[in-house]
Amino acid sequence: MKDFGVEDIINLAKEKGFFYESSSIYGAKSGFYDYGSLGSLLKKKYENLWRLYFGKLFDNIYEIQPSEIMNKEVFIASKHLELFNDPIVECRKGHRLRADKLIEENLNIKAESLTIEEMNKIFEEGKILCPLCNEKLSNLKLFNLMFPIFVGPESDLFLYLEDIRRRFEILSILKRDNYNKVNERIISYIYKQYLENQKIYGIVIENKTYIFNQDKDIVILYDSITNEYFLSTNKEHKEIDEYYIEKLFNSIHYIDIKFDVDDLQLLLEKYNSILNNEMYLRPETAQGVYIDFPTEFVINRYRLPLGLYIIGKAFRNEISPRNALIRLREFTQAELQIFFDYYNNIFNQEFDKYKNEYINVLLVNSRSKNVQYEELSLEDIYNYTGIDKFYIYFLYKVFRFYIDILKIPKNKIRFYQLDNNEKSFYNMYHFDLELYLDDLKWVEVGGIHFRVLKFDTNILNKVPKDILEDLEKLFIGKDNIMVGYDLWNHFILSKDRRFIVTRPDGSKFIPVELELSFGVDRNIFSLLVLNYDNILKLPEYLSPVQVAIFPLLENKEDHNKVARNIYNSLRKYFDVYYDDSGRIGIRYKRQDEIGTPYCITVDDQTLRDNTVTIRYRDTKEQIRLNINDLVSFFQDKFNLYRVVDII
RNA sequence: GCACUCGUCGUCUAGCGGUAGGAUGCGGGCCUUCCAAGCCCGCGGCCCGGGUUCAAAUCCCGGCGAGUGCACCA
């Protein structure tokens with residue numbers, strides 16, 4: 001049997017319409033994919049199964065749909081603006097490196113405490129050279145993995161001012177010695193192009209006029225006292241070649257605003273007011289749940305445990321998207337956040353019911369054993385690691401979803417425990433759920449994160465005074481407390497007291513958070529990779545097309561007519577496909593390739609006794625069934641509730 | 001983002017300065033009473049932009065995209 005690799009799946013996906021590169025007729029941008037007709041059906045079915053399973057894991061779970069564009073404060077509280085933000089420095093040859101890491105390695109000082117300006121100064125002075133080519137490093141900028149959105153009519157102005165701010169306060173490239181003198185002929189050539197169809201923007205400061213293009217690749221300086229022109233490429237002192245001039249002309253996205261130094265102050269004030277309109281595309285769905293927790297907790301009558309989940313888009317400006325749906329810039333997450341009282345936790349009892357069940361895990365301590373995973377009972381995991389029972393219980397529930405419902409082969413799934421260096425500081429426990437996708441090895445398709453912080457009373461010295469009183473109550477009778485990382489952060493910043501929960505005995509706490517997080521696109525991709533070998537053997541309730549209907553012979557009018565009627569009667573209930581072209585064998589093959597589990601064929605016997613053949617994909621076996629029984633037959637086969645009920 | 005390799009019908013592939021060819025697929029027809037690969041006809045392509053040349057899919061430059069390895073993935 002041929003091995004089907006990732007590349008084959010990508011071709012299949014494109015050819016049959018599962019997914020393909022987005023905007024490809026205009027030249028695709030990596031990291032963006034469109035789901036096609038079949039992919040959309042598959043994804044919808046996956047999500048519905050996920051809803052039925054994880055949405056019913058326990059009582060009191062709800063789906064919510066927060067906005068994908070969220071306030072800046074959300075990401076201040078969540079620390080995404082602070083920590084999702086890498087300072088990048090560049091050398092002449094274009095190598096880009098992490099500025100903070102370079103400083104820490106070379107100068108042995110903690111870069112955390114340095115401002116951008118201070119870091120930039122270190123590189124300007126040439127204290128650190130590019131380790132790859134020994135060239136000077138400069139042009140320090142922040143690279144944030146979030147996509148900013150500027151809301152409201154002034155967004156263009158904001159972008160422009162943001163550019164000015166960086167230019168003056170951080171980059172300070174408008175220094176004279178960056179410029180080469182150029183002759184008037186070149187300048188007039190540029191102006192000529194400018195007048196014809198391109199626009200450039202400029203700023204006048206004292207006696208100097210700076211003109212630059214959108215990409216800031218090129219800046220022209222005109223000195224009105226000496227009447228001289230200078231040109232900077234904003235890189236090295238490169239020859240003024242046609243490439244840069246051409247680049248200037250090609251900057252099609254422009255803002256044409258001119259102002260002089262008197263206006264600058266006014267505009268910077270305006271900038272500060274517009275700053276409030278800066279929002280972000282969410283880099284994870286989770287924050288939507290955390291900020292809606294107070295509202296939903298009250299609406300659902302203060303009951304814990306409370307589960308809130310989102311199936312929706314998240315956006316990250318990844319540096320290098322790879323492997324089709326595995327690393328995208330726009331992707332779909334399915335995340336269930338479970339909030340509960342750590343000290344009064346019903347899930348620990350659930351553990352006992354399943355403690356003799358086995359799951360595949362690779363514990364930190366087992367990595368040296370040179371095994372892919374070990375099959376351990378829940379009780380063993382508890383004994384080996386001391387991890388809380390409720391956490392292991394949820395690992396088990398996730399495992400069953402993949403084994404029993406998605407039908408993932410048992411030797412291709414494992415939980416990978418992250419060690420203290422790998423996991424984030426706010427995760428007390430963190431296991432990735434990984435699937436083995438041949439060429440790609442183990443791929444992370446989900447994660448189970450216990451997002452909590454443990455505080456002693458010293459934390460009270462560091463919190464805002466107006467909520468100090470509320471926080472002190474959490475410590476009554478305790479030396480330390482466990483709190484959900486995000487709920488804590490959002491409480492500190494928003495000061496919304498609904499984050500604090502009161503127990504029946506009057507004591508106060510902030511719930512802890514357990515996050516079951518899944519990359520939907522990665523799951524879809526994995527399902528295709530793991531199930532394809534000429535035939536796409538998806539579980540029948542996941543198959544995009546559920547039933548195909550054929551006339552046995554395309555040139556027999558009777559066959560066609562009856563088959564058409566069946567098609568029309570089934571299409572209201574199921575995802576069906578009608579095909580009367582080519583021979584019967586090729587039609588079966590077409591459906592096998594896209595995973596259609598059942599094919600109905602109308603033949604001569606149908607005309608006599610009103611029965612049709614139903615052929616099952618995996619065995620190629622046929623049964624005969626009366627046309628009148630088809631709807632109930634398939635309703636039973638595709639009943640998702642029953643699928644989930646088996647568990 | 002860096003380095004290397006590579007972009008030809010939807011898919012696979014030949015051509016590598018001079019009329020873009022095959023296979024598969026898809027559509028139509030013939031034949032066929034149940035599992036692609038019988039016959040006939042048709043549809044469909046050189047990633048994009050510059051440059052060199054009488055002439056560019058082919059050579060050069062840039063962009064975009066893909067693969068692999070680094071790096072990145074709070």
# chains A, B, ... in the order shown; residues from 1 in each chain; ligands from 1
$ interface_residues --of "chain A" --to "chain B" --cutoff "9 Å" --atoms "only C-alpha atoms (C1' of nucleotides)" --output "number ranges by chain"
A: 11-12, 14-16, 26-30, 79-85, 94-97, 243, 318-320, 327, 424, 552-553, 583-590, 601, 603-604, 620
$ residues_around --residues "Ile149 in chain A" --least-positions-apart "6" --cutoff "9 Å" --atoms "only C-alpha atoms (C1' of nucleotides)" --output "VMD selection string"
chain A and resid 69 155 277 to 281
$ write_last_selection --atoms "N, CA and C atoms" --output "PDB file, in the first residue's frame"
ATOM      1  N   ILE A  69     -12.710  41.218  17.865  1.00  0.00           N
ATOM      2  CA  ILE A  69     -11.918  42.438  18.041  1.00  0.00           C
ATOM      3  C   ILE A  69     -12.160  42.926  19.464  1.00  0.00           C
ATOM      4  N   SER A 155      -8.558  56.372  11.747  1.00  0.00           N
ATOM      5  CA  SER A 155      -7.550  55.325  11.829  1.00  0.00           C
ATOM      6  C   SER A 155      -6.354  55.597  10.920  1.00  0.00           C
ATOM      7  N   ASN A 277      -8.713  54.257  20.657  1.00  0.00           N
ATOM      8  CA  ASN A 277      -9.419  53.487  19.633  1.00  0.00           C
ATOM      9  C   ASN A 277      -8.621  52.307  19.128  1.00  0.00           C
ATOM     10  N   GLU A 278      -7.470  52.084  19.720  1.00  0.00           N
ATOM     11  CA  GLU A 278      -6.669  50.960  19.275  1.00  0.00           C
ATOM     12  C   GLU A 278      -7.221  49.675  19.871  1.00  0.00           C
ATOM     13  N   MET A 279      -7.570  48.746  18.997  1.00  0.00           N
ATOM     14  CA  MET A 279      -8.070  47.452  19.458  1.00  0.00           C
ATOM     15  C   MET A 279      -7.231  46.363  18.800  1.00  0.00           C
ATOM     16  N   TYR A 280      -7.505  45.139  19.179  1.00  0.00           N
ATOM     17  CA  TYR A 280      -6.718  44.035  18.623  1.00  0.00           C
ATOM     18  C   TYR A 280      -7.614  42.880  18.230  1.00  0.00           C
ATOM     19  N   LEU A 281      -7.204  42.194  17.162  1.00  0.00           N
ATOM     20  CA  LEU A 281      -7.794  40.896  16.872  1.00  0.00           C
ATOM     21  C   LEU A 281      -7.290  39.937  17.948  1.00  0.00           C
TER      22      LEU A 281
END
$ residues_around --residues "Lys355 in chain A" --least-positions-apart "2" --cutoff "12 Å" --atoms "only C-alpha atoms (C1' of nucleotides)" --output "JSON, numbers by chain"
{"A": [348, 349, 350, 351, 352, 353, 357, 358, 359, 376, 377, 378, 379, 380, 381, 382, 383, 389, 390, 392, 393, 394, 395, 396, 397]}
$ closest_residue --among "A:Gly582, A:Gly595, A:Gly39, A:Pro511" --to "Ala548 in chain A" --atoms "only C-alpha atoms"
A:Gly595
$ atom_distance --atom1 "CA of Asn626 in chain A" --atom2 "CA of Asn610 in chain A"
5.8 Å
$ atom_distance --atom1 "CA of Leu129 in chain A" --atom2 "CA of Asn317 in chain A"
27.4 Å
$ residues_around --residues "C30 in chain B" --least-positions-apart "5" --cutoff "12 Å" --atoms "only C-alpha atoms (C1' of nucleotides)" --output "VMD selection string"
(chain A and resid 555 582) or (chain B and resid 38 to 41)
$ atom_distance --atom1 "CA of Tyr373 in chain A" --atom2 "CA of Met428 in chain A"
21.5 Å
$ decode --residues "range 19-64 of chain B" --atoms "N, CA and C atoms (P, O5', C5', C4', C3', O3' and C1' of nucleotides)" --output "compact mmCIF listing (two decimals), in the first residue's frame"
# COMPACT_ATOMS: atom_id res chain seq x y z
P U B 19 8.60 26.70 -31.16
O5' U B 19 7.37 27.64 -30.77
C5' U B 19 6.77 28.50 -31.70
C4' U B 19 5.28 28.21 -31.73
C3' U B 19 4.82 27.21 -30.65
O3' U B 19 3.58 27.64 -30.10
C1' U B 19 4.28 26.40 -32.82
P A B 20 3.49 27.76 -28.55
O5' A B 20 3.83 26.40 -27.83
C5' A B 20 3.25 25.24 -28.11
C4' A B 20 3.78 24.17 -27.18
C3' A B 20 2.68 23.21 -26.78
O3' A B 20 2.65 22.17 -27.72
C1' A B 20 3.82 23.98 -24.85
P G B 21 1.22 21.62 -28.14
O5' G B 21 1.17 20.19 -27.47
C5' G B 21 1.66 19.09 -28.18
C4' G B 21 2.18 18.02 -27.28
C3' G B 21 1.19 17.31 -26.37
O3' G B 21 0.29 16.45 -27.05
C1' G B 21 3.21 17.64 -25.23
P G B 22 -1.02 15.94 -26.35
O5' G B 22 -0.49 14.88 -25.29
C5' G B 22 0.14 13.69 -25.73
C4' G B 22 0.66 12.92 -24.55
C3' G B 22 -0.39 12.48 -23.54
O3' G B 22 -1.09 11.33 -23.95
C1' G B 22 1.47 13.39 -22.40
P A B 23 -2.57 11.10 -23.45
O5' A B 23 -2.37 10.75 -21.91
C5' A B 23 -1.74 9.53 -21.52
C4' A B 23 -1.57 9.49 -20.03
C3' A B 23 -2.85 9.65 -19.22
O3' A B 23 -3.58 8.45 -19.12
C1' A B 23 -1.19 11.08 -18.34
P U B 24 -5.15 8.48 -19.14
O5' U B 24 -5.51 9.18 -17.75
C5' U B 24 -5.25 8.51 -16.52
C4' U B 24 -5.38 9.46 -15.36
C3' U B 24 -6.73 10.14 -15.20
O3' U B 24 -7.68 9.30 -14.55
C1' U B 24 -5.04 11.76 -14.99
P G B 25 -9.22 9.50 -14.89
O5' G B 25 -9.53 10.99 -14.44
C5' G B 25 -9.49 11.35 -13.06
C4' G B 25 -9.71 12.83 -12.90
C3' G B 25 -11.03 13.33 -13.46
O3' G B 25 -12.07 13.17 -12.53
C1' G B 25 -9.27 14.73 -14.21
P C B 26 -13.50 12.75 -13.02
O5' C B 26 -14.04 14.08 -13.71
C5' C B 26 -14.27 15.25 -12.94
C4' C B 26 -14.51 16.43 -13.84
C3' C B 26 -15.57 16.21 -14.92
O3' C B 26 -16.87 16.38 -14.41
C1' C B 26 -13.67 17.19 -15.90
P G B 27 -18.03 15.48 -14.99
O5' G B 27 -18.32 16.21 -16.38
C5' G B 27 -18.85 17.53 -16.40
C4' G B 27 -19.01 18.00 -17.81
C3' G B 27 -19.72 17.05 -18.75
O3' G B 27 -21.13 17.11 -18.61
C1' G B 27 -17.78 17.83 -19.81
P G B 28 -21.98 15.83 -18.91
O5' G B 28 -21.89 15.70 -20.49
C5' G B 28 -22.47 16.69 -21.32
C4' G B 28 -22.21 16.38 -22.78
C3' G B 28 -22.58 14.98 -23.23
O3' G B 28 -23.97 14.82 -23.45
C1' G B 28 -20.46 15.55 -24.09
P G B 29 -24.61 13.40 -23.22
O5' G B 29 -23.98 12.53 -24.39
C5' G B 29 -24.44 12.67 -25.72
C4' G B 29 -23.59 11.88 -26.67
C3' G B 29 -23.64 10.36 -26.55
O3' G B 29 -24.83 9.81 -27.09
C1' G B 29 -21.41 11.03 -26.87
P C B 30 -25.34 8.43 -26.51
O5' C B 30 -24.26 7.39 -27.01
C5' C B 30 -24.16 7.10 -28.41
C4' C B 30 -23.05 6.11 -28.66
C3' C B 30 -23.18 4.77 -27.96
O3' C B 30 -24.12 3.93 -28.62
C1' C B 30 -20.95 5.52 -27.79
P C B 31 -25.03 2.99 -27.74
O5' C B 31 -23.97 2.02 -27.05
C5' C B 31 -23.16 1.16 -27.84
C4' C B 31 -22.17 0.45 -26.96
C3' C B 31 -22.77 -0.23 -25.74
O3' C B 31 -23.35 -1.47 -26.08
C1' C B 31 -20.85 0.99 -25.11
P U B 32 -24.46 -2.03 -25.15
O5' U B 32 -23.53 -2.15 -23.88
C5' U B 32 -23.77 -3.15 -22.94
C4' U B 32 -22.93 -2.89 -21.72
C3' U B 32 -23.76 -2.81 -20.46
O3' U B 32 -24.14 -4.10 -20.03
C1' U B 32 -22.21 -1.04 -20.46
P U B 33 -25.68 -4.26 -19.80
O5' U B 33 -25.58 -4.53 -18.24
C5' U B 33 -24.60 -3.87 -17.48
C4' U B 33 -25.03 -3.91 -16.05
C3' U B 33 -25.10 -5.31 -15.47
O3' U B 33 -24.81 -5.21 -14.10
C1' U B 33 -27.21 -4.29 -15.32
P C B 34 -23.61 -5.86 -13.43
O5' C B 34 -23.19 -4.77 -12.38
C5' C B 34 -22.43 -3.63 -12.76
C4' C B 34 -21.70 -3.15 -11.54
C3' C B 34 -21.31 -4.30 -10.62
O3' C B 34 -20.06 -4.01 -10.01
C1' C B 34 -22.72 -2.78 -9.48
P C B 35 -18.77 -4.80 -10.59
O5' C B 35 -17.61 -3.75 -10.40
C5' C B 35 -17.56 -2.55 -11.16
C4' C B 35 -16.91 -1.48 -10.32
C3' C B 35 -15.57 -1.90 -9.72
O3' C B 35 -14.74 -0.77 -9.71
C1' C B 35 -17.05 -1.22 -8.02
P A B 36 -13.25 -0.92 -10.37
O5' A B 36 -13.07 0.47 -11.09
C5' A B 36 -14.18 1.23 -11.57
C4' A B 36 -13.61 2.43 -12.23
C3' A B 36 -12.60 2.14 -13.32
O3' A B 36 -13.23 1.93 -14.55
C1' A B 36 -11.75 3.78 -11.83
P A B 37 -12.64 0.79 -15.57
O5' A B 37 -11.25 1.40 -16.03
C5' A B 37 -11.20 2.45 -16.99
C4' A B 37 -9.76 2.77 -17.26
C3' A B 37 -8.91 1.56 -17.62
O3' A B 37 -8.94 1.29 -19.01
C1' A B 37 -7.87 2.76 -15.87
P G B 38 -9.80 0.04 -19.52
O5' G B 38 -9.46 -0.14 -21.05
C5' G B 38 -9.76 0.91 -21.92
C4' G B 38 -10.50 0.34 -23.11
C3' G B 38 -10.85 1.40 -24.13
O3' G B 38 -9.76 1.64 -25.00
C1' G B 38 -12.78 0.16 -23.63
P C B 39 -9.29 3.09 -25.30
O5' C B 39 -10.35 3.47 -26.42
C5' C B 39 -10.47 2.67 -27.58
C4' C B 39 -11.63 3.14 -28.40
C3' C B 39 -11.68 4.65 -28.61
O3' C B 39 -10.81 5.08 -29.64
C1' C B 39 -13.81 3.88 -27.96
P C B 40 -10.09 6.49 -29.55
O5' C B 40 -11.26 7.46 -30.01
C5' C B 40 -11.81 7.35 -31.32
C4' C B 40 -12.99 8.27 -31.47
C3' C B 40 -12.73 9.71 -31.06
O3' C B 40 -12.05 10.45 -32.07
C1' C B 40 -14.77 9.00 -30.12
P C B 41 -11.04 11.65 -31.64
O5' C B 41 -12.07 12.77 -31.18
C5' C B 41 -12.93 13.38 -32.14
C4' C B 41 -13.89 14.30 -31.46
C3' C B 41 -13.27 15.40 -30.59
O3' C B 41 -12.78 16.47 -31.35
C1' C B 41 -15.05 14.40 -29.42
P G B 42 -11.51 17.30 -30.78
O5' G B 42 -12.14 18.06 -29.52
C5' G B 42 -13.05 19.14 -29.73
C4' G B 42 -13.74 19.48 -28.44
C3' G B 42 -12.91 20.20 -27.39
O3' G B 42 -12.80 21.58 -27.66
C1' G B 42 -14.17 18.49 -26.36
P C B 43 -11.52 22.38 -27.14
O5' C B 43 -11.83 22.49 -25.58
C5' C B 43 -12.98 23.19 -25.11
C4' C B 43 -12.97 23.19 -23.59
C3' C B 43 -11.69 23.72 -22.97
O3' C B 43 -11.74 25.14 -22.90
C1' C B 43 -12.34 21.70 -21.90
P G B 44 -10.35 25.99 -23.15
O5' G B 44 -9.50 25.63 -21.86
C5' G B 44 -9.97 26.01 -20.57
C4' G B 44 -9.15 25.30 -19.53
C3' G B 44 -7.65 25.49 -19.67
O3' G B 44 -7.24 26.72 -19.08
C1' G B 44 -8.13 23.19 -19.35
P G B 45 -6.16 27.66 -19.82
O5' G B 45 -4.82 27.10 -19.18
C5' G B 45 -4.61 27.21 -17.77
C4' G B 45 -3.20 26.84 -17.46
C3' G B 45 -2.14 27.67 -18.15
O3' G B 45 -1.95 28.91 -17.49
C1' G B 45 -1.57 25.38 -18.23
P C B 46 -1.10 30.07 -18.17
O5' C B 46 0.37 29.50 -18.36
C5' C B 46 1.45 30.06 -17.63
C4' C B 46 2.33 28.96 -17.13
C3' C B 46 3.66 29.44 -16.55
O3' C B 46 3.98 28.60 -15.45
C1' C B 46 4.07 27.99 -18.37
P C B 47 4.87 29.23 -14.28
O5' C B 47 3.89 30.28 -13.59
C5' C B 47 2.62 29.89 -13.12
C4' C B 47 2.12 30.93 -12.14
C3' C B 47 2.48 32.35 -12.51
O3' C B 47 1.52 32.93 -13.38
C1' C B 47 3.10 31.93 -10.27
P C B 48 1.98 34.04 -14.43
O5' C B 48 2.17 35.32 -13.51
C5' C B 48 1.07 35.93 -12.85
C4' C B 48 1.55 37.11 -12.05
C3' C B 48 2.41 38.10 -12.82
O3' C B 48 1.63 39.00 -13.57
C1' C B 48 3.46 37.59 -10.76
P G B 49 2.26 39.63 -14.92
O5' G B 49 3.37 40.62 -14.36
C5' G B 49 2.99 41.72 -13.55
C4' G B 49 4.20 42.49 -13.11
C3' G B 49 5.20 42.80 -14.21
O3' G B 49 4.79 43.88 -15.02
C1' G B 49 6.35 42.03 -12.29
P G B 50 5.59 44.20 -16.35
O5' G B 50 6.89 44.88 -15.72
C5' G B 50 7.94 45.20 -16.57
C4' G B 50 9.19 45.43 -15.76
C3' G B 50 10.45 45.20 -16.58
O3' G B 50 10.76 46.34 -17.35
C1' G B 50 10.61 43.98 -14.58
P G B 51 10.94 46.14 -18.91
O5' G B 51 12.40 45.55 -18.94
C5' G B 51 13.46 46.25 -18.29
C4' G B 51 14.65 45.37 -18.09
C3' G B 51 15.25 44.77 -19.34
O3' G B 51 16.06 45.69 -20.05
C1' G B 51 15.12 43.12 -17.65
P U B 52 16.12 45.62 -21.63
O5' U B 52 17.03 44.33 -21.83
C5' U B 52 18.39 44.32 -21.40
C4' U B 52 19.02 42.99 -21.72
C3' U B 52 18.84 42.52 -23.15
O3' U B 52 19.79 43.12 -24.03
C1' U B 52 18.35 40.74 -21.68
P U B 53 19.29 43.69 -25.43
O5' U B 53 18.85 42.37 -26.21
C5' U B 53 19.82 41.40 -26.55
C4' U B 53 19.15 40.21 -27.17
C3' U B 53 18.19 40.52 -28.31
O3' U B 53 18.88 40.72 -29.53
C1' U B 53 17.17 39.00 -26.83
P C B 54 18.42 41.90 -30.51
O5' C B 54 17.05 41.36 -31.11
C5' C B 54 16.19 42.25 -31.83
C4' C B 54 15.06 41.47 -32.44
C3' C B 54 14.33 40.54 -31.49
O3' C B 54 13.34 41.23 -30.74
C1' C B 54 14.86 39.36 -33.45
P A B 55 13.16 40.92 -29.19
O5' A B 55 12.69 39.40 -29.21
C5' A B 55 11.40 39.08 -29.71
C4' A B 55 11.22 37.59 -29.74
C3' A B 55 11.42 36.89 -28.41
O3' A B 55 10.25 36.95 -27.63
C1' A B 55 12.58 35.72 -30.10
P A B 56 10.36 37.05 -26.04
O5' A B 56 10.97 35.63 -25.63
C5' A B 56 10.24 34.43 -25.89
C4' A B 56 10.23 33.56 -24.64
C3' A B 56 9.52 34.20 -23.44
O3' A B 56 8.98 33.15 -22.63
C1' A B 56 11.78 33.89 -22.91
P A B 57 7.46 32.72 -22.82
O5' A B 57 7.25 31.60 -21.70
C5' A B 57 7.08 31.95 -20.33
C4' A B 57 7.57 30.85 -19.44
C3' A B 57 9.09 30.69 -19.40
O3' A B 57 9.66 31.47 -18.40
C1' A B 57 8.04 28.59 -19.85
P U B 58 11.06 32.20 -18.63
O5' U B 58 12.06 30.99 -18.87
C5' U B 58 12.27 30.01 -17.84
C4' U B 58 13.15 28.91 -18.38
C3' U B 58 14.55 29.36 -18.79
O3' U B 58 15.51 28.42 -18.38
C1' U B 58 13.44 28.36 -20.64
P C B 59 16.33 28.76 -17.08
O5' C B 59 17.21 30.01 -17.52
C5' C B 59 18.51 29.82 -18.08
C4' C B 59 19.19 31.16 -18.25
C3' C B 59 18.98 32.15 -17.10
O3' C B 59 19.89 31.90 -16.04
C1' C B 59 18.59 33.25 -19.14
P C B 60 19.47 32.30 -14.57
O5' C B 60 19.59 33.89 -14.58
C5' C B 60 20.86 34.52 -14.68
C4' C B 60 20.68 36.02 -14.55
C3' C B 60 19.87 36.47 -13.33
O3' C B 60 20.68 36.54 -12.17
C1' C B 60 19.06 37.57 -15.24
P C B 61 19.96 36.32 -10.75
O5' C B 61 19.16 37.69 -10.55
C5' C B 61 19.86 38.92 -10.36
C4' C B 61 18.86 40.05 -10.18
C3' C B 61 17.78 39.82 -9.13
O3' C B 61 18.24 40.06 -7.81
C1' C B 61 16.79 40.65 -11.10
P G B 62 17.55 39.24 -6.62
O5' G B 62 16.11 39.91 -6.50
C5' G B 62 15.99 41.25 -6.05
C4' G B 62 14.57 41.73 -6.22
C3' G B 62 13.50 40.93 -5.51
O3' G B 62 13.41 41.23 -4.13
C1' G B 62 12.81 41.38 -7.71
P G B 63 12.82 40.14 -3.14
O5' G B 63 11.27 40.13 -3.50
C5' G B 63 10.45 41.26 -3.21
C4' G B 63 9.07 41.07 -3.78
C3' G B 63 8.29 39.90 -3.21
O3' G B 63 7.66 40.25 -1.99
C1' G B 63 8.15 39.84 -5.55
P C B 64 7.48 39.16 -0.86
O5' C B 64 6.39 38.17 -1.47
C5' C B 64 5.05 38.61 -1.70
C4' C B 64 4.28 37.53 -2.40
C3' C B 64 4.35 36.14 -1.79
O3' C B 64 3.51 35.99 -0.67
C1' C B 64 4.71 35.97 -4.10
